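Peer 1: Okay, handing you the structure first.
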Amino acid sequence: MALPYRGRLAPSPTGYLHEGHARTFWTAQERAEAAGGILVLRNEDLDPSRSRGPFVEAMLEDLRWFGLRWQEGPDCGGPHAPYSQSQRRDFYRAGFARLRREGRVYPCFCSRQDVLRALQAPHAGEEEPVYPGSCRPSARQAEQAGARPPSWRFLVTDGEVIEFEDGCRGPQRFVAGRDFGDFVVWRHDDVPSYQLAVVLDDAAMRISEVVRGEDLLLSTARQLLLYRALGLDAPAFYHCLLLTDQAGRRLAKREDAWSLRALRGQGLAPERIRRQWPGNADCAAHGSSRCSDA
Ligand code: GLU
């Protein structure tokens, strides 16, 4: 029997949500409705240095204004509470302990940009370089031990092919060690990475399909390795095309002009915003090359 459809909206309260988020979330809502399923709202306030309480409030308000509705979330509870990542640290620790016990991770003493950024989903233009493996177990890490607490990286098998069928973009294929390297799952300051937290949460909350932007395809490939290593069933995936500005750049939270707040302030109605989005027939899996409100 098919699983009941459970989708999720997983915004990070690190700024005001913009039209690009709204479009991805709208697709998630339409897919949940079409399948007679439900939507979970998860507050991804994992990064203590960038998440802000007022942005959480703003996020809920802006999503509701836009017409998004969820049946489980930090504001309404549900069977998989808590729905804020900052309150789920012990749960992540258990997943991390399993990876450690099974020798799937190793300590990394490098202080690199990708370690610092590990708490955030790597959106377009933010992908880390393939880790050169300086701290792999074969490297001489013992010498450095004790200098400071390490970060922990998931050890990938170089050359392993990761394939999956995306509900929107069609067949996907990535190669570990070439498209991405060993990635951080736990940071030296004792915070879980985005990659680990999102896998543990999507599995625990019984998410059956993850709808997210296409810039996270590589993250999905990494996450599939984590699902397997943790003995968890992976959900289906549906990666949406990103909205871009007139110059073809991805919308970013720092550009306030695209924020839902600003659009609302201009008196724009959500229906009107949605009407301006690129058309329907843009999904590779549905016969053409782009994805949208199928
Ligand atoms: N909180 C992440 C973000 O806002 C979620 C990405 C995902 O869909 O996994 O970028």
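Chain labels A, B, ... are given in the sequence in which chains occur in the structure tokens; within each chain residues are numbered consecutively from 1, and ligands are likewise numbered from 1 in the order shown.
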Residues within 7 Å of ligand 1 should be enumerated using only C-alpha atoms and all ligand atoms and returned as a CSV table (one decimal) with N, CA and C atoms, in the first residue's frame.

Peer 2:
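Done, and the output landed in out-v1.csv:
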```csv
chain,number,residue,atom,x,y,z
A,10,ALA,N,10.3,23.8,4.7
A,10,ALA,CA,11.4,23.8,5.7
A,10,ALA,C,12.3,25.1,5.6
A,11,PRO,N,11.6,26.2,5.9
A,11,PRO,CA,12.4,27.5,5.8
A,11,PRO,C,13.3,27.7,7.0
A,12,SER,N,14.4,28.4,6.7
A,12,SER,CA,15.3,28.8,7.7
A,12,SER,C,15.1,30.3,8.1
A,44,GLU,N,13.7,25.6,10.4
A,44,GLU,CA,15.1,25.1,10.4
A,44,GLU,C,16.0,26.2,11.0
A,120,GLN,N,24.2,25.5,6.9
A,120,GLN,CA,23.2,26.0,6.0
A,120,GLN,C,23.1,25.1,4.7
A,121,ALA,N,21.9,25.1,4.2
A,121,ALA,CA,21.8,24.3,2.9
A,121,ALA,C,22.6,25.1,1.8
A,123,HIS,N,22.9,26.6,-1.2
A,123,HIS,CA,22.1,27.0,-2.4
A,123,HIS,C,23.0,27.5,-3.5
A,198,VAL,N,18.7,17.4,8.4
A,198,VAL,CA,17.5,17.4,7.5
A,198,VAL,C,17.2,15.9,7.1
A,210,VAL,N,10.1,15.1,-0.7
A,210,VAL,CA,10.8,16.4,-0.4
A,210,VAL,C,10.7,17.2,-1.7
A,211,VAL,N,10.1,18.4,-1.6
A,211,VAL,CA,10.0,19.3,-2.7
A,211,VAL,C,11.0,20.5,-2.3
A,212,ARG,N,12.0,20.7,-3.1
A,212,ARG,CA,13.0,21.8,-2.8
A,212,ARG,C,13.5,22.3,-4.1
```

Peer 1: Would you please extract all strand (DSSP E or B) residues from stretch 57-274 of chain A, as assigned by DSSP on the backbone, and give them as a ChimeraX atom specification?

Peer 2: /A:72-73,77,84,105-108,151-154,161-166,170-176,180,183-186,192,209-213,236-240,244,250,259

Peer 1: Would you mind exporting C-alpha atoms of the selected residues as an mmCIF file, in the first residue's frame?

Peer 2:
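This is the output file out.cif:
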```
data_model
loop_
_atom_site.group_PDB
_atom_site.id
_atom_site.type_symbol
_atom_site.label_atom_id
_atom_site.label_comp_id
_atom_site.auth_asym_id
_atom_site.auth_seq_id
_atom_site.Cartn_x
_atom_site.Cartn_y
_atom_site.Cartn_z
ATOM 1 C CA GLU A 72 1.800 20.095 11.731
ATOM 2 C CA GLY A 73 4.322 22.686 12.816
ATOM 3 C CA GLY A 77 2.104 20.978 17.193
ATOM 4 C CA SER A 84 12.036 23.580 15.467
ATOM 5 C CA VAL A 105 32.684 9.507 9.921
ATOM 6 C CA TYR A 106 36.151 10.741 10.814
ATOM 7 C CA PRO A 107 37.460 13.757 12.723
ATOM 8 C CA CYS A 108 38.606 16.685 10.638
ATOM 9 C CA SER A 151 34.518 18.580 12.993
ATOM 10 C CA TRP A 152 33.334 15.218 11.700
ATOM 11 C CA ARG A 153 33.110 14.326 8.040
ATOM 12 C CA PHE A 154 31.152 11.551 6.393
ATOM 13 C CA VAL A 161 27.612 6.536 -8.456
ATOM 14 C CA ILE A 162 24.459 7.898 -6.828
ATOM 15 C CA GLU A 163 21.399 7.733 -9.024
ATOM 16 C CA PHE A 164 17.822 8.698 -8.362
ATOM 17 C CA GLU A 165 14.682 9.555 -10.242
ATOM 18 C CA ASP A 166 13.574 13.092 -9.528
ATOM 19 C CA GLY A 170 13.887 13.123 -14.252
ATOM 20 C CA PRO A 171 16.866 10.753 -13.834
ATOM 21 C CA GLN A 172 19.802 12.149 -11.849
ATOM 22 C CA ARG A 173 23.351 10.832 -11.559
ATOM 23 C CA PHE A 174 26.213 12.039 -9.367
ATOM 24 C CA VAL A 175 29.648 10.635 -8.587
ATOM 25 C CA ALA A 176 31.015 10.792 -5.041
ATOM 26 C CA PHE A 180 31.179 16.282 -3.934
ATOM 27 C CA PHE A 183 31.093 16.349 3.912
ATOM 28 C CA VAL A 184 30.665 17.703 7.408
ATOM 29 C CA VAL A 185 27.976 16.072 9.537
ATOM 30 C CA TRP A 186 28.937 17.503 12.927
ATOM 31 C CA PRO A 192 24.924 19.126 13.622
ATOM 32 C CA GLU A 209 8.293 13.520 -0.754
ATOM 33 C CA VAL A 210 10.786 16.378 -0.400
ATOM 34 C CA VAL A 211 10.035 19.346 -2.672
ATOM 35 C CA ARG A 212 12.966 21.760 -2.824
ATOM 36 C CA GLY A 213 14.915 23.979 -5.223
ATOM 37 C CA ALA A 236 10.920 10.718 -3.057
ATOM 38 C CA PHE A 237 12.376 13.992 -4.345
ATOM 39 C CA TYR A 238 10.988 16.764 -6.512
ATOM 40 C CA HIS A 239 13.418 19.580 -7.368
ATOM 41 C CA CYS A 240 11.861 22.791 -8.657
ATOM 42 C CA THR A 244 15.544 34.267 -11.055
ATOM 43 C CA ARG A 250 18.768 33.362 -8.093
ATOM 44 C CA SER A 259 10.743 39.546 -0.028
#
```

Peer 1: Applying 12 Å and only C-alpha atoms, which residues near A:Gly103 remain after dropping the ones on its own chain fewer than 6 positions away? List them as a PyMOL selection string.

Peer 2: chain A and resi 96-97+136-137+152-156+229-230

Peer 1: Could you please take those selected residues and save N, CA and C atoms as a CSV table (one decimal), in the first residue's frame?

Peer 2:
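Heads up, here's the output in result_11.csv:
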```
chain,number,residue,atom,x,y,z
A,96,PHE,N,24.1,10.9,14.9
A,96,PHE,CA,25.6,11.1,14.8
A,96,PHE,C,26.3,10.0,15.5
A,97,ALA,N,25.9,9.6,16.7
A,97,ALA,CA,26.5,8.5,17.5
A,97,ALA,C,26.5,7.2,16.7
A,136,ARG,N,41.5,12.5,6.1
A,136,ARG,CA,41.0,11.1,6.0
A,136,ARG,C,41.8,10.2,6.9
A,137,PRO,N,41.1,9.1,7.4
A,137,PRO,CA,41.8,8.3,8.4
A,137,PRO,C,43.2,7.9,7.9
A,152,TRP,N,33.4,16.6,12.1
A,152,TRP,CA,33.3,15.2,11.7
A,152,TRP,C,32.8,15.2,10.3
A,153,ARG,N,33.5,14.4,9.4
A,153,ARG,CA,33.1,14.3,8.0
A,153,ARG,C,32.6,12.9,7.7
A,154,PHE,N,31.6,12.8,6.9
A,154,PHE,CA,31.2,11.6,6.4
A,154,PHE,C,32.1,11.1,5.3
A,155,LEU,N,32.6,9.9,5.4
A,155,LEU,CA,33.5,9.4,4.4
A,155,LEU,C,32.8,8.8,3.2
A,156,VAL,N,33.0,9.4,2.1
A,156,VAL,CA,32.3,8.9,0.9
A,156,VAL,C,33.3,7.9,0.2
A,229,ALA,N,23.4,4.9,5.2
A,229,ALA,CA,24.3,4.7,6.3
A,229,ALA,C,23.5,4.5,7.6
A,230,LEU,N,22.4,5.3,7.7
A,230,LEU,CA,21.6,5.3,8.9
A,230,LEU,C,20.5,4.2,8.9
```

Peer 1: Between atom CA of A:Trp258 and atom CA of A:Val199, what is the distance in Å, rounded to a tenth?

Peer 2: 29.2 Å

Peer 1: When you look at A:Asp215 with a cut-off of 8 Å (counting only C-alpha atoms), what residues show up, excluding the ones that are within fewer than 4 positions of it in the same chain? I need them as a list of chain:residue names.

Peer 2: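 My reading of the contact set: A:Pro122, A:His123, A:Ala124, A:Leu242.
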
Peer 1: Per residue of stretch 63-154 of chain A within 10 Å of stretch 270-280 of chain A, record the nearest atom pair and its distance in Å to one decimal, counting only C-alpha atoms, with rows in chain order and ascending residue number, as CSV.

Peer 2:
```
residue,atom,partner,partner_atom,distance
A:Trp65,CA,A:Pro270,CA,7.8
A:Phe66,CA,A:Pro270,CA,5.4
A:Gly67,CA,A:Pro270,CA,7.4
```

Peer 1: For the residues in that selection, give me N, CA, C and O atoms as a compact mmCIF listing (two decimals), in the first residue's frame.

Peer 2:
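Result file selection_30.txt:
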```txt
# COMPACT_ATOMS: atom_id res chain seq x y z
N TRP A 65 0.04 34.59 4.88
CA TRP A 65 -0.47 35.64 3.98
C TRP A 65 -0.48 35.13 2.54
O TRP A 65 -1.42 35.35 1.78
N PHE A 66 0.55 34.38 2.20
CA PHE A 66 0.64 33.92 0.81
C PHE A 66 -0.38 32.83 0.49
O PHE A 66 -0.63 32.53 -0.68
N GLY A 67 -0.95 32.23 1.52
CA GLY A 67 -1.97 31.21 1.27
C GLY A 67 -1.48 29.80 1.56
O GLY A 67 -2.11 28.82 1.18
```

Peer 1: As an exercise, work out the distance from atom CA of A:Tyr92 to atom CA of A:Val191 in Å and give it to one decimal place.

Peer 2: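 Computing the Euclidean distance for atom CA of A:Tyr92 and atom CA of A:Val191 yields 9.2 Å.
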
Peer 1: Calculated over only C-alpha atoms, which of the candidates A:Asp202, A:Pro132, A:Gln29, A:Gly15 has the smallest distance to A:Arg42?

Peer 2: A:Asp202

Peer 1: So that I can check the surroundings of A:Gly36, please list as number ranges by chain every protein, DNA and RNA residue that reaches within 10 Å of it, counting only C-alpha atoms and ignoring chain neighbours fewer than 6 positions away.

Peer 2: A: 4-6, 30

Peer 1: Please write the residues from the selection above to a file, keeping C-alpha atoms, as a CSV table (one decimal), in the first residue's frame.

Peer 2:
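The file below, again_3.csv, is the result:
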```csv
chain,number,residue,atom,x,y,z
A,4,PRO,CA,0.2,8.5,2.9
A,5,TYR,CA,1.6,11.6,1.3
A,6,ARG,CA,3.5,13.8,3.7
A,30,GLU,CA,-0.1,21.7,-4.6
```

Peer 1: Name the closest residue to A:Arg104 among the candidates A:Gln71, A:Ser134, A:Ser86, A:Thr157; distances are taken between atoms, counting only C-alpha atoms.

Peer 2: A:Thr157

Peer 1: What parts of stretch 9-158 of chain A does DSSP call alpha helix (DSSP H)? I'd like the answer as a PyMOL selection string.

Peer 2: chain A and resi 19-34+53-66+89-101+113-116

Peer 1: With only C-alpha atoms as the atoms that count, which of A:Asp233, A:Leu260, A:Arg222, A:Leu116 lies nearest to A:Leu60?

Peer 2: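 That would be A:Leu260, the residue with the smallest distance to A:Leu60.
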
Peer 1: What does the distance between atom CA of A:Asp179 and atom CA of A:Pro48 come to in Å, to one decimal place?

Peer 2: 28.8 Å
